[in-house]
Structures are given as C-alpha cells and as structure tokens.
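Undergrad: The file below is target.txt, compact mmCIF, C-alpha atoms and all ligand atoms:
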# COMPACT_ATOMS: atom_id res chain seq x y z
CA MET A 605 -47.86 60.48 -55.54
CA ARG A 606 -48.33 56.97 -54.10
CA LYS A 607 -46.42 55.66 -51.08
CA GLU A 608 -44.57 53.05 -53.19
CA ASP A 609 -43.49 55.85 -55.59
CA ILE A 610 -41.92 57.78 -52.75
CA VAL A 611 -40.06 54.75 -51.40
CA LEU A 612 -38.63 53.79 -54.78
CA HIS A 613 -38.38 57.37 -56.11
CA THR A 614 -40.40 56.57 -59.20
CA LYS A 615 -41.87 58.88 -61.83
CA THR A 616 -44.45 58.08 -64.49
CA PHE A 617 -44.66 58.93 -68.18
CA ARG A 618 -47.34 57.72 -70.60
CA GLY A 619 -48.50 55.24 -67.98
CA MET A 620 -45.00 53.73 -67.57
CA LYS A 621 -43.15 53.93 -64.27
CA TYR A 622 -39.55 55.12 -64.14
CA ARG A 623 -36.73 54.49 -61.67
CA ARG A 624 -33.39 56.25 -61.27
CA LEU A 625 -30.35 54.23 -62.26
CA GLY A 626 -28.01 53.87 -59.29
CA LYS A 627 -26.49 57.06 -57.94
CA SER A 628 -27.39 59.19 -60.95
CA GLY A 629 -30.09 61.45 -62.30
CA LEU A 630 -30.88 59.11 -65.21
CA TRP A 631 -34.46 57.77 -65.24
CA LEU A 632 -35.14 54.41 -66.91
CA SER A 633 -38.54 52.96 -67.75
CA GLU A 634 -39.21 49.97 -65.50
CA VAL A 635 -39.90 47.93 -68.61
CA GLY A 636 -37.24 48.41 -71.26
CA LEU A 637 -36.54 46.80 -74.62
CA GLY A 638 -33.84 44.18 -75.19
CA LEU A 639 -32.74 44.45 -78.80
CA TRP A 640 -30.27 41.61 -79.11
CA LYS A 641 -32.28 39.74 -81.74
CA TRP A 642 -32.97 42.79 -83.89
CA GLY A 643 -31.13 43.30 -87.15
CA ASP A 644 -31.33 41.79 -90.60
CA PRO A 645 -32.86 38.31 -90.10
CA VAL A 646 -31.96 37.02 -93.56
CA TYR A 647 -28.32 37.73 -93.02
CA ASP A 648 -27.27 37.74 -89.35
CA GLY A 649 -29.44 35.27 -87.39
CA SER A 650 -31.63 37.95 -85.78
CA ARG A 651 -35.43 37.57 -85.44
CA VAL A 652 -36.78 41.09 -85.99
CA GLY A 653 -36.24 43.06 -89.18
CA GLU A 654 -36.72 46.73 -89.93
CA HIS A 655 -40.37 46.71 -91.02
CA GLU A 656 -41.77 45.02 -87.92
CA GLY A 657 -39.08 46.54 -85.71
CA PHE A 658 -39.98 50.15 -86.52
CA GLN A 659 -43.63 49.49 -85.66
CA ILE A 660 -42.64 47.98 -82.30
CA LEU A 661 -40.33 50.92 -81.57
CA ASP A 662 -43.12 53.42 -82.39
CA ARG A 663 -45.44 51.56 -80.01
CA ALA A 664 -42.74 51.41 -77.33
CA LEU A 665 -42.52 55.21 -77.39
CA GLU A 666 -46.31 55.48 -77.10
CA LEU A 667 -46.19 53.19 -74.05
CA GLY A 668 -43.32 55.09 -72.39
CA VAL A 669 -40.91 52.18 -72.88
CA THR A 670 -37.92 54.40 -73.51
CA HIS A 671 -34.96 52.37 -72.23
CA TRP A 672 -33.54 50.58 -75.28
CA ASP A 673 -30.69 48.14 -74.87
CA THR A 674 -28.37 46.99 -77.65
CA ALA A 675 -24.67 46.18 -78.15
CA ASN A 676 -22.16 46.80 -80.90
CA SER A 677 -21.68 43.07 -81.58
CA TYR A 678 -25.28 41.79 -81.45
CA ASN A 679 -26.15 39.20 -84.10
CA ALA A 680 -22.90 37.50 -84.96
CA GLY A 681 -20.77 40.62 -84.73
CA SER A 682 -22.76 42.23 -87.55
CA GLY A 683 -23.51 45.55 -85.82
CA ASN A 684 -26.98 45.32 -87.34
CA SER A 685 -28.97 45.89 -84.13
CA GLU A 686 -27.26 49.28 -83.80
CA ARG A 687 -27.67 49.96 -87.53
CA MET A 688 -31.41 49.35 -87.36
CA LEU A 689 -31.74 51.75 -84.44
CA GLY A 690 -29.71 54.33 -86.35
CA ARG A 691 -32.07 54.09 -89.32
CA TYR A 692 -35.04 54.37 -86.97
CA PHE A 693 -33.74 57.54 -85.31
CA LYS A 694 -32.97 59.05 -88.71
CA SER A 695 -36.45 58.29 -90.02
CA ARG A 696 -38.30 59.53 -86.91
CA GLY A 697 -36.25 62.67 -86.22
CA GLY A 698 -34.66 64.19 -83.14
CA ARG A 699 -37.65 63.98 -80.79
CA ALA A 700 -37.61 60.17 -80.89
CA ARG A 701 -33.89 60.04 -80.17
CA ASP A 702 -34.17 62.54 -77.32
CA SER A 703 -36.93 60.61 -75.57
CA VAL A 704 -34.94 57.38 -75.55
CA VAL A 705 -32.27 56.30 -73.07
CA LEU A 706 -30.04 54.58 -75.58
CA ALA A 707 -27.80 51.92 -74.07
CA THR A 708 -25.12 50.03 -75.95
CA LYS A 709 -22.07 47.93 -75.12
CA VAL A 710 -18.51 47.59 -76.34
CA ARG A 711 -16.06 44.77 -75.77
CA ASN A 712 -16.40 42.53 -78.82
CA SER A 713 -15.38 42.72 -82.47
CA VAL A 714 -17.77 44.03 -85.11
CA ARG A 715 -17.73 43.47 -88.86
CA ASP A 716 -18.41 46.12 -91.48
CA GLU A 717 -21.85 46.17 -93.09
CA HIS A 718 -22.41 43.20 -95.42
CA GLU A 719 -19.03 41.75 -94.51
CA LEU A 720 -19.80 38.08 -93.85
CA ALA A 721 -16.66 37.02 -92.01
CA ARG A 722 -13.14 38.14 -91.34
CA ASP A 723 -10.35 37.79 -88.84
CA PHE A 724 -9.73 40.45 -86.20
CA SER A 725 -6.47 41.82 -84.83
CA PRO A 726 -5.94 41.72 -81.02
CA ASN A 727 -6.74 45.44 -80.89
CA GLU A 728 -10.24 45.02 -82.31
CA SER A 729 -11.81 43.80 -79.06
CA GLY A 730 -11.18 44.03 -75.32
CA ALA A 731 -10.59 46.96 -73.02
CA SER A 732 -7.67 48.96 -74.42
CA ARG A 733 -7.85 52.70 -75.09
CA LYS A 734 -7.32 51.98 -78.80
CA TYR A 735 -10.23 49.56 -78.99
CA ILE A 736 -12.70 51.38 -76.73
CA ILE A 737 -12.45 54.80 -78.37
CA ARG A 738 -12.67 53.35 -81.88
CA ALA A 739 -15.57 51.06 -80.88
CA VAL A 740 -17.61 53.93 -79.44
CA GLU A 741 -16.98 56.10 -82.50
CA ASP A 742 -18.12 53.21 -84.73
CA SER A 743 -21.24 52.70 -82.59
CA LEU A 744 -22.12 56.40 -82.87
CA ARG A 745 -21.86 56.11 -86.67
CA ARG A 746 -24.08 53.02 -86.79
CA LEU A 747 -26.58 54.55 -84.35
CA GLN A 748 -26.59 57.85 -86.30
CA THR A 749 -26.43 59.83 -83.09
CA GLY A 750 -23.99 62.16 -81.39
CA THR A 751 -24.06 60.52 -77.98
CA ILE A 752 -24.69 57.22 -76.20
CA ASP A 753 -26.74 57.70 -73.03
CA LEU A 754 -25.53 54.59 -71.22
CA LEU A 755 -22.35 52.78 -72.26
CA TYR A 756 -21.53 49.36 -70.84
CA HIS A 757 -18.24 47.58 -70.95
CA HIS A 758 -19.85 44.31 -72.06
CA ALA A 759 -17.77 41.66 -70.27
CA PRO A 760 -14.42 41.61 -68.49
CA ALA A 761 -11.42 41.15 -70.77
CA LEU A 762 -9.28 38.71 -68.78
CA LEU A 763 -6.10 36.73 -69.33
CA PRO A 764 -6.12 32.93 -68.75
CA ASP A 765 -4.98 33.50 -65.15
CA ALA A 766 -8.09 35.71 -64.63
CA SER A 767 -6.05 38.93 -64.35
CA TRP A 768 -7.19 41.99 -66.34
CA GLU A 769 -5.92 42.03 -69.93
CA THR A 770 -5.56 45.84 -69.89
CA PRO A 771 -4.45 47.96 -66.93
CA LEU A 772 -7.67 49.14 -65.30
CA ASP A 773 -6.57 52.77 -65.22
CA GLU A 774 -6.13 52.70 -69.02
CA THR A 775 -9.63 51.25 -69.58
CA TRP A 776 -11.33 53.67 -67.20
CA ASP A 777 -9.37 56.68 -68.40
CA ALA A 778 -10.54 55.89 -71.94
CA LEU A 779 -14.16 55.60 -70.78
CA ASN A 780 -13.84 58.75 -68.69
CA THR A 781 -12.43 60.61 -71.73
CA LEU A 782 -15.47 59.60 -73.80
CA VAL A 783 -17.74 61.19 -71.18
CA SER A 784 -15.60 64.37 -71.24
CA GLN A 785 -15.91 64.44 -75.03
CA GLY A 786 -19.71 64.19 -74.79
CA LYS A 787 -19.76 60.93 -76.76
CA VAL A 788 -21.08 59.06 -73.73
CA ARG A 789 -23.31 60.31 -70.90
CA TYR A 790 -23.16 57.53 -68.25
CA LEU A 791 -20.96 54.50 -67.59
CA ALA A 792 -21.93 50.96 -66.62
CA VAL A 793 -20.59 47.41 -66.85
CA SER A 794 -21.97 43.96 -67.60
CA ASN A 795 -21.21 40.40 -66.50
CA ARG A 796 -19.29 41.55 -63.42
CA THR A 797 -18.82 40.12 -59.94
CA SER A 798 -19.02 42.44 -56.94
CA ALA A 799 -15.22 42.18 -56.53
CA GLN A 800 -14.73 43.33 -60.12
CA LEU A 801 -17.22 46.16 -59.64
CA ALA A 802 -15.32 47.31 -56.57
CA VAL A 803 -11.90 47.50 -58.25
CA GLU A 804 -13.30 49.08 -61.40
CA SER A 805 -15.19 51.71 -59.40
CA SER A 806 -11.93 52.58 -57.64
CA ALA A 807 -10.04 52.72 -60.95
CA LEU A 808 -12.58 55.16 -62.38
CA ALA A 809 -12.53 57.29 -59.22
CA ALA A 810 -8.72 57.49 -59.47
CA VAL A 811 -8.66 58.76 -63.07
CA ALA A 812 -11.81 60.90 -63.15
CA VAL A 813 -11.46 64.61 -62.45
CA ASN A 814 -15.16 64.73 -61.72
CA PRO A 815 -16.58 62.71 -58.80
CA SER A 816 -19.93 62.30 -60.60
CA ARG A 817 -18.22 59.93 -63.03
CA ARG A 818 -19.07 56.58 -61.51
CA ILE A 819 -20.28 53.14 -62.49
CA ILE A 820 -24.02 53.58 -62.06
CA GLY A 821 -25.32 50.23 -63.26
CA VAL A 822 -24.53 46.59 -63.86
CA GLN A 823 -26.21 44.30 -66.38
CA ASN A 824 -26.04 40.66 -65.29
CA ALA A 825 -28.11 37.57 -66.04
CA TYR A 826 -30.97 37.25 -63.54
CA ASN A 827 -34.33 35.56 -63.57
CA VAL A 828 -36.48 33.71 -61.06
CA LEU A 829 -35.29 30.31 -62.30
CA GLN A 830 -31.57 31.17 -62.19
CA ARG A 831 -31.16 33.39 -59.17
CA PRO A 832 -27.46 32.75 -58.31
CA ARG A 833 -26.45 33.74 -61.86
CA VAL A 834 -26.74 37.40 -60.90
CA ALA A 835 -23.51 37.12 -58.90
CA ALA A 836 -21.64 36.32 -62.16
CA GLN A 837 -19.33 33.78 -60.60
CA THR A 838 -18.91 30.08 -61.24
CA GLY A 839 -20.66 27.88 -58.70
CA ALA A 840 -22.64 30.78 -57.20
CA THR A 841 -25.30 29.97 -54.59
CA LEU A 842 -28.39 31.72 -53.20
CA ALA A 843 -26.12 33.25 -50.54
CA ASP A 844 -24.01 34.78 -53.34
CA GLU A 845 -27.19 36.18 -54.90
CA ALA A 846 -28.07 37.85 -51.58
CA ASP A 847 -24.51 39.20 -51.12
CA PHE A 848 -24.43 40.60 -54.63
CA LEU A 849 -27.76 42.40 -54.26
CA THR A 850 -26.62 43.82 -50.91
CA TYR A 851 -23.38 45.06 -52.51
CA LEU A 852 -25.39 46.88 -55.20
CA ALA A 853 -27.75 48.45 -52.66
CA GLU A 854 -24.90 49.61 -50.41
CA ASN A 855 -22.98 51.11 -53.32
CA GLN A 856 -26.01 52.60 -55.11
CA ILE A 857 -25.43 50.65 -58.31
CA GLY A 858 -28.60 49.81 -60.26
CA LEU A 859 -29.24 46.33 -61.63
CA ILE A 860 -30.43 45.73 -65.19
CA PRO A 861 -31.24 42.01 -65.31
CA TYR A 862 -30.73 40.31 -68.67
CA ILE A 863 -32.43 37.11 -69.87
CA PRO A 864 -35.25 38.07 -67.44
CA LEU A 865 -37.65 35.62 -69.11
CA ALA A 866 -35.12 32.78 -69.29
CA VAL A 867 -35.11 33.25 -73.09
CA GLY A 868 -38.88 32.62 -73.24
CA LEU A 869 -39.26 29.78 -70.72
CA LEU A 870 -40.92 32.23 -68.32
CA THR A 871 -43.74 33.04 -70.73
CA GLY A 872 -45.86 29.87 -70.64
CA ARG A 873 -44.83 28.85 -74.16
CA TYR A 874 -42.83 25.90 -72.88
CA ARG A 875 -44.91 23.61 -70.69
CA LYS A 876 -44.42 19.97 -69.78
CA GLY A 877 -45.20 17.98 -72.95
CA ASN A 878 -46.04 21.15 -74.90
CA LEU A 879 -42.97 23.03 -76.12
CA ASP A 880 -43.03 25.89 -78.63
CA ASN A 881 -40.81 24.49 -81.38
CA ALA A 882 -40.64 27.85 -83.18
CA GLY A 883 -39.25 29.69 -80.15
CA ARG A 884 -35.69 30.82 -79.50
CA LEU A 885 -35.21 28.25 -76.76
CA MET A 886 -35.62 25.48 -79.32
CA GLU A 887 -34.13 27.18 -82.36
CA GLU A 888 -30.97 28.50 -80.73
CA SER A 889 -30.02 25.40 -78.76
CA TRP A 890 -30.68 26.85 -75.32
CA ALA A 891 -32.87 23.85 -74.55
CA LYS A 892 -30.21 21.81 -72.76
CA GLU A 893 -29.53 24.61 -70.26
CA PHE A 894 -33.11 25.77 -69.68
CA LEU A 895 -35.56 22.94 -70.41
CA THR A 896 -34.71 20.79 -67.40
CA GLU A 897 -37.30 18.71 -65.52
CA ASP A 898 -36.81 20.93 -62.49
CA ASN A 899 -37.39 24.17 -64.43
CA LEU A 900 -40.48 22.79 -66.17
CA GLU A 901 -41.85 21.75 -62.78
CA ARG A 902 -41.19 25.22 -61.37
CA VAL A 903 -42.90 26.81 -64.37
CA GLU A 904 -46.05 24.81 -63.54
CA ASN A 905 -46.01 26.27 -60.00
CA LEU A 906 -45.39 29.79 -61.31
CA VAL A 907 -48.29 29.49 -63.76
CA VAL A 908 -50.60 28.76 -60.83
CA ILE A 909 -49.34 31.87 -59.00
CA ALA A 910 -49.73 34.00 -62.16
CA GLU A 911 -53.33 32.79 -62.53
CA ARG A 912 -54.01 33.73 -58.92
CA LYS A 913 -52.51 37.18 -59.50
CA GLU A 914 -54.53 37.49 -62.74
CA CYS A 915 -51.43 38.21 -64.79
CA THR A 916 -49.41 36.41 -67.44
CA LEU A 917 -46.32 34.40 -66.57
CA ALA A 918 -44.08 36.94 -68.34
CA GLN A 919 -45.61 39.73 -66.25
CA LEU A 920 -45.06 37.74 -63.06
CA ALA A 921 -41.40 37.10 -63.98
CA ILE A 922 -40.78 40.80 -64.68
CA ALA A 923 -42.70 41.91 -61.58
CA TRP A 924 -40.54 39.55 -59.48
CA LEU A 925 -37.40 41.30 -60.75
CA LEU A 926 -38.93 44.74 -60.16
CA ALA A 927 -39.84 43.71 -56.61
CA HIS A 928 -36.10 43.92 -55.83
CA ASP A 929 -35.36 47.57 -55.09
CA VAL A 930 -31.93 47.38 -56.74
CA THR A 931 -33.54 46.53 -60.08
CA THR A 932 -33.93 49.65 -62.19
CA SER A 933 -35.30 48.37 -65.49
CA VAL A 934 -36.10 44.97 -67.02
CA ILE A 935 -35.03 44.63 -70.66
CA ALA A 936 -36.97 41.61 -71.85
CA GLY A 937 -36.10 40.70 -75.42
CA VAL A 938 -39.15 41.42 -77.53
CA THR A 939 -39.52 39.83 -80.95
CA LYS A 940 -43.24 40.53 -81.52
CA MET A 941 -45.56 43.46 -80.87
CA ALA A 942 -47.67 41.22 -78.61
CA HIS A 943 -44.63 40.63 -76.36
CA LEU A 944 -44.23 44.37 -75.76
CA GLU A 945 -47.94 44.84 -75.03
CA ASP A 946 -47.81 41.92 -72.59
CA ASN A 947 -44.59 42.86 -70.80
CA VAL A 948 -45.59 46.45 -70.00
CA GLY A 949 -48.47 45.06 -67.91
CA ALA A 950 -45.87 43.88 -65.38
CA ILE A 951 -45.65 47.32 -63.78
CA ASN A 952 -49.17 46.88 -62.41
CA VAL A 953 -48.45 43.50 -60.79
CA ILE A 954 -47.67 44.21 -57.15
CA LEU A 955 -46.21 41.22 -55.33
CA THR A 956 -46.75 40.84 -51.60
CA ALA A 957 -44.27 39.22 -49.21
CA GLU A 958 -46.40 36.04 -49.37
CA ASP A 959 -46.33 36.11 -53.18
CA MET A 960 -42.53 36.46 -53.13
CA GLU A 961 -42.22 33.56 -50.72
CA ALA A 962 -44.40 31.36 -52.93
CA ILE A 963 -42.48 32.35 -56.07
CA ASN A 964 -39.09 31.78 -54.47
CA MET A 965 -39.96 28.24 -53.39
N1 LIG B 1 -25.13 41.92 -71.22
C1 LIG B 1 -25.17 40.72 -71.78
O1 LIG B 1 -24.16 39.98 -71.82
C2 LIG B 1 -26.47 40.23 -72.33
C3 LIG B 1 -26.64 38.87 -72.66
C4 LIG B 1 -27.89 38.48 -73.15
C5 LIG B 1 -28.91 39.41 -73.31
N2 LIG B 1 -28.70 40.73 -73.03
C6 LIG B 1 -29.76 41.74 -73.19
O2 LIG B 1 -30.90 41.31 -72.48
C7 LIG B 1 -32.03 41.30 -73.34
C8 LIG B 1 -32.99 40.25 -72.88
O3 LIG B 1 -32.41 38.94 -72.96
P1 LIG B 1 -32.89 37.86 -74.01
O4 LIG B 1 -33.63 38.56 -75.10
O5 LIG B 1 -31.75 37.04 -74.39
O6 LIG B 1 -33.85 36.90 -73.16
P2 LIG B 1 -35.29 37.09 -72.49
O7 LIG B 1 -35.67 38.50 -72.41
O8 LIG B 1 -35.25 36.28 -71.25
O9 LIG B 1 -36.22 36.31 -73.51
C9 LIG B 1 -36.56 36.89 -74.73
C10 LIG B 1 -37.43 35.92 -75.54
O10 LIG B 1 -38.62 35.65 -74.84
C11 LIG B 1 -39.73 35.65 -75.73
N3 LIG B 1 -40.67 36.67 -75.24
C12 LIG B 1 -40.40 37.92 -74.78
N4 LIG B 1 -41.53 38.47 -74.28
C13 LIG B 1 -42.51 37.57 -74.43
C14 LIG B 1 -43.89 37.54 -74.09
N5 LIG B 1 -44.47 38.56 -73.45
N6 LIG B 1 -44.61 36.43 -74.41
C15 LIG B 1 -44.04 35.38 -75.03
N7 LIG B 1 -42.73 35.34 -75.37
C16 LIG B 1 -41.98 36.42 -75.07
C17 LIG B 1 -39.18 35.89 -77.11
O11 LIG B 1 -38.96 34.60 -77.68
P3 LIG B 1 -39.10 34.28 -79.24
O12 LIG B 1 -38.13 35.13 -79.93
O13 LIG B 1 -38.81 32.83 -79.26
O14 LIG B 1 -40.53 34.60 -79.60
C18 LIG B 1 -37.84 36.54 -76.85
O15 LIG B 1 -36.88 36.29 -77.85
C19 LIG B 1 -31.42 41.08 -74.73
O16 LIG B 1 -32.30 41.42 -75.77
C20 LIG B 1 -30.20 41.96 -74.64
O17 LIG B 1 -30.56 43.32 -74.86
C21 LIG B 1 -27.50 41.13 -72.51
Would you mind writing the file's structure down as structure tokens?

TA:
Amino acid sequence: MRKEDIVLHTKTFRGMKYRRLGKSGLWLSEVGLGLWKWGDPVYDGSRVGEHEGFQILDRALELGVTHWDTANSYNAGSGNSERMLGRYFKSRGGRARDSVVLATKVRNSVRDEHELARDFSPNESGASRKYIIRAVEDSLRRLQTGTIDLLYHHAPALLPDASWETPLDETWDALNTLVSQGKVRYLAVSNRTSAQLAVESSALAAVAVNPSRRIIGVQNAYNVLQRPRVAAQTGATLADEADFLTYLAENQIGLIPYIPLAVGLLTGRYRKGNLDNAGRLMEESWAKEFLTEDNLERVENLVVIAERKECTLAQLAIAWLLAHDVTTSVIAGVTKMAHLEDNVGAINVILTAEDMEAINM
C-alpha cells in the first residue's frame, strides 16, 4: 500500500482508486459517472440513448468506475435516466447491480413514461413524508432494483422567506424510515450550505434510533473556475469556499462535486476563438454563465499546466478536485465513450503544492 493510500484510506479495484464517503463504510470510485444527460434523446432532451449508454456502462464496470449518479427528475422530469439504468441492470443481471454504488435524488416532480407534460399537485415534489416515500418507491420501480445505495435530498424545499417548507423532523423521519425498510442504504443531501447541513444533521440525529444514520455526503457545484459555488450561498467568496470545506472535514461529510468540468469548458473544447458549437455549453444556453473572457483566459493558463503535467485538461480539472481530501468521488457527466476513457486517467495525475498554487491563480 502506498503512503498516499494510507493517508486518504483508499482502496483499488480494476485499476480505479476508491475513497470512503464521509463517516461511513461506503467506498466510492474516485471517478464516477454523472448520468444527468442520459435517457431518451429523441424525447426528453438528453444526449445519450440506450444503445451507446449500455456500452459506456459496460466499459465503466471494466474500469472500476462503479459510482453512478442520477436523479428521479433528470431530463425534463421524464425519469428516463433512472429508467435506462433500470433496463441496464435487468439486462446485465444481479452482479452488475451489486458492483455499482447507485445514487439517485428526490425532490422534484416526475412524469409517467411517455407522458409529455402535466401539472403537479403540491404533494408531488418537496420534502414531505407523502412525497419522499412515494418518490423513492417510484425510483425503485424505474431503476428495477430493491434498494438505492445513496439517496440525496436534491435541493432544499424552502418557502419565500427561506424557512423550510416541511418540518425538518418530518423530512428526516421519512428518510430514516426508508433506511429502516431497506429501500435506501445511505443518506446524503445536495445544494446545501453548511448551516443547512448542520440543522439537518441534528434533525436526523433526533429522529434516528440508530446513531449510524447520518448525512454522509453533500453534492454541490464545484470546479476550479467556480470555487465559491461549493458553499451554495449567494455572493459566496473564496473565504466561504475554505469555510465550507473545513466544515465538511470537521464533520466527516464527503463532498461529491457536480459540474466538475464546468459543463465541458474544462476539457479544451472551448478555446478563445475556437468554440465547440456542438457541445452542451453552446446547445443548452450555458454560454452566458461560463464563456466569459476571464474564464477563457484561465482555461489558456490551465492548458499550459496540463501540458506540463502531460495530462488532458479534463484530467487536470478532476485531479484538482481529488486533491482536496474532502472530495470522495468526481461525477463528470460523460456523453461519449472517449470521455470516460479520458476522465479515468485523472486518478494518476498527482498535483504538488506548486501545481495547486499555479492552478489556483
Ligand atoms: N445535484 C445537482 O443539483 C446536480 C446538478 C447538475 C449536475 N449534477 C450531476 O453532476 C454530473 C456532472 O455535471 P454535468 O454533467 O452537468 O457537468 P460536467 O461534468 O461539468 O460536464 C459534462 C460535459 O462535459 C463534456 N465532457 C465530459 N467529459 C469530457 C471529456 N473527457 N472530454 C471532453 N468533453 C467531456 C460533455 O459535454 P458534451 O455533452 O457537450 O459532449 C459533458 O456533457 C451530472 O451528470 C449529474 O449527475 C447534479
């Protein structure tokens, strides 16, 4: 075992490194799969359909990329990302399902299959016991599995005055019940501030009979170009980024960064005067937020560092996230086989203190 493995408590499987998620026994592959844009591209605005998707999932298993991240509402509330995974597990049998850490999220409304649009009652989203239990049971049906390994509450359900829409003890009792029923193995949250994490952790501790029921992870936006975003609060600064990461470390909560590649900007496909017009950044109107002069300038600097490290820009961006000890797994969204093959190489990019300083500039 290498020294760095001991410090970070890593394991390896099929060449992939694994880290434990927060204060739990759950091991996640350092490179995971973000499955937001997977579904039925003709129908729901996703980018990966079943034929190509199954091949990428087979390859992911070969490469030890076993942390797969979806949500009930991905792709316009269609539920199709979960449905595709369900069909995959059914076609590949129990071994494939067992080797995967299957993560999904509830919070938003989901349509029935092939239902193009409809209105939703107030009880079909949010954080109530009625919604959460029904949503998890629906996810299990779509995923064709008996249990969800890691369940996130996707985003806080708040009233206009920023107070919680549902009493926290009701939400966390419902989530705790799902663990007792075996429908969920571990609990996590997404898009949370440290203050929200603190009160929700206390709410769970108050209702749970078993002290091992805790919030073990948080999934927030984080990438090298948008560092303060990890704190999930308006107007956040670099000091808030540092405080948030310290809070996670002190409370043994693992970080799963989302949009780790800034939706493709951190891959070298968008350079000054040479933008990939077929990419998500252009097609999904993210350009205004991401394609700023400042970001494009920073990309040029990062490309130089990547060349020096003899890695791709995507690998550098993922390695930067993994260089933070609180990061457990990076779930870059993959829409082509080549993306997966590229991203896994990040685990071999070791960044020194000097590299980190140069990247952070
Ligand atoms: N919890 C939440 O609220 C939340 C919100 C957003 C996302 N997520 C999760 O986080 C995951 C990742 O976020 P994301 O997919 O939005 O953004 P991302 O990972 O930053 O970017 C993904 C995009 O980058 C491109 N890409 C990926 N790897 C590449 C490579 N090696 N070379 C070239 N291009 C590459 C692809 O673009 P093209 O498709 O253009 O080829 C892909 O769609 C999602 O899939 C989802 O599971 C969670």

Undergrad: Report, in Å with one decimal, the straight-line distance from CA of Thr670 (chain A) to CA of Trp642 (chain A).

TA: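 So the two atoms, CA of Thr670 (chain A) and CA of Trp642 (chain A), lie 16.3 Å apart.
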
Undergrad: Produce as a VMD selection string the set of residues near ligand LIG 1 (chain B), where near means within 7 Å with all atoms listed in the file considered.

TA: chain A and resid 637 to 641 651 673 to 674 758 to 759 794 to 795 823 to 825 862 to 868 871 873 882 to 885 918 935 to 940 942 to 944 946 to 947

Undergrad: Using all atoms listed in the file, which of the listed residues (A:Leu925, A:Leu829, A:Leu720, A:Ile819) sits closest to Ala792 (chain A)?

TA: A:Ile819

Undergrad: Given the choices A:Glu854, A:Asp959, A:Asp662, A:Asp898, which gets closest to Asp929 (chain A) if the distance is worked out from all atoms listed in the file?

TA: A:Glu854

Undergrad: Might you pull out every residue within 10 Å of Val953 (chain A), with only C-alpha atoms counted and same-chain residues fewer than 4 positions away left off, and present them as JSON, numbers by chain?

TA: {"A": [910, 913, 914, 915, 916, 919, 920, 922, 923, 924, 926, 927, 949]}

Undergrad: Would you mind completing region 686-698 of chain A so that it carries N, CA and C atoms, and writing it out as a CSV table (one decimal), in the coordinates of the input?

TA:
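Contents of result-v9.csv, freshly written:
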chain,number,residue,atom,x,y,z
A,686,GLU,N,-27.5,47.8,-83.9
A,686,GLU,CA,-27.3,49.3,-83.8
A,686,GLU,C,-27.7,50.0,-85.1
A,687,ARG,N,-27.3,49.3,-86.2
A,687,ARG,CA,-27.7,50.0,-87.5
A,687,ARG,C,-29.2,50.2,-87.7
A,688,MET,N,-30.0,49.2,-87.2
A,688,MET,CA,-31.4,49.4,-87.4
A,688,MET,C,-31.9,50.5,-86.5
A,689,LEU,N,-31.4,50.6,-85.3
A,689,LEU,CA,-31.7,51.8,-84.4
A,689,LEU,C,-31.3,53.1,-85.1
A,690,GLY,N,-30.2,53.1,-85.7
A,690,GLY,CA,-29.7,54.3,-86.4
A,690,GLY,C,-30.7,54.8,-87.5
A,691,ARG,N,-31.1,53.8,-88.2
A,691,ARG,CA,-32.1,54.1,-89.3
A,691,ARG,C,-33.4,54.5,-88.7
A,692,TYR,N,-33.8,54.0,-87.6
A,692,TYR,CA,-35.0,54.4,-87.0
A,692,TYR,C,-34.9,55.8,-86.5
A,693,PHE,N,-33.9,56.2,-85.8
A,693,PHE,CA,-33.7,57.5,-85.3
A,693,PHE,C,-33.7,58.5,-86.5
A,694,LYS,N,-33.0,58.1,-87.6
A,694,LYS,CA,-33.0,59.0,-88.7
A,694,LYS,C,-34.4,59.3,-89.3
A,695,SER,N,-35.1,58.2,-89.4
A,695,SER,CA,-36.4,58.3,-90.0
A,695,SER,C,-37.5,59.0,-89.1
A,696,ARG,N,-37.3,58.9,-87.8
A,696,ARG,CA,-38.3,59.5,-86.9
A,696,ARG,C,-37.9,60.9,-86.4
A,697,GLY,N,-36.7,61.3,-86.6
A,697,GLY,CA,-36.2,62.7,-86.2
A,697,GLY,C,-35.8,62.8,-84.8
A,698,GLY,N,-35.4,64.0,-84.4
A,698,GLY,CA,-34.7,64.2,-83.1
A,698,GLY,C,-35.5,63.9,-81.9
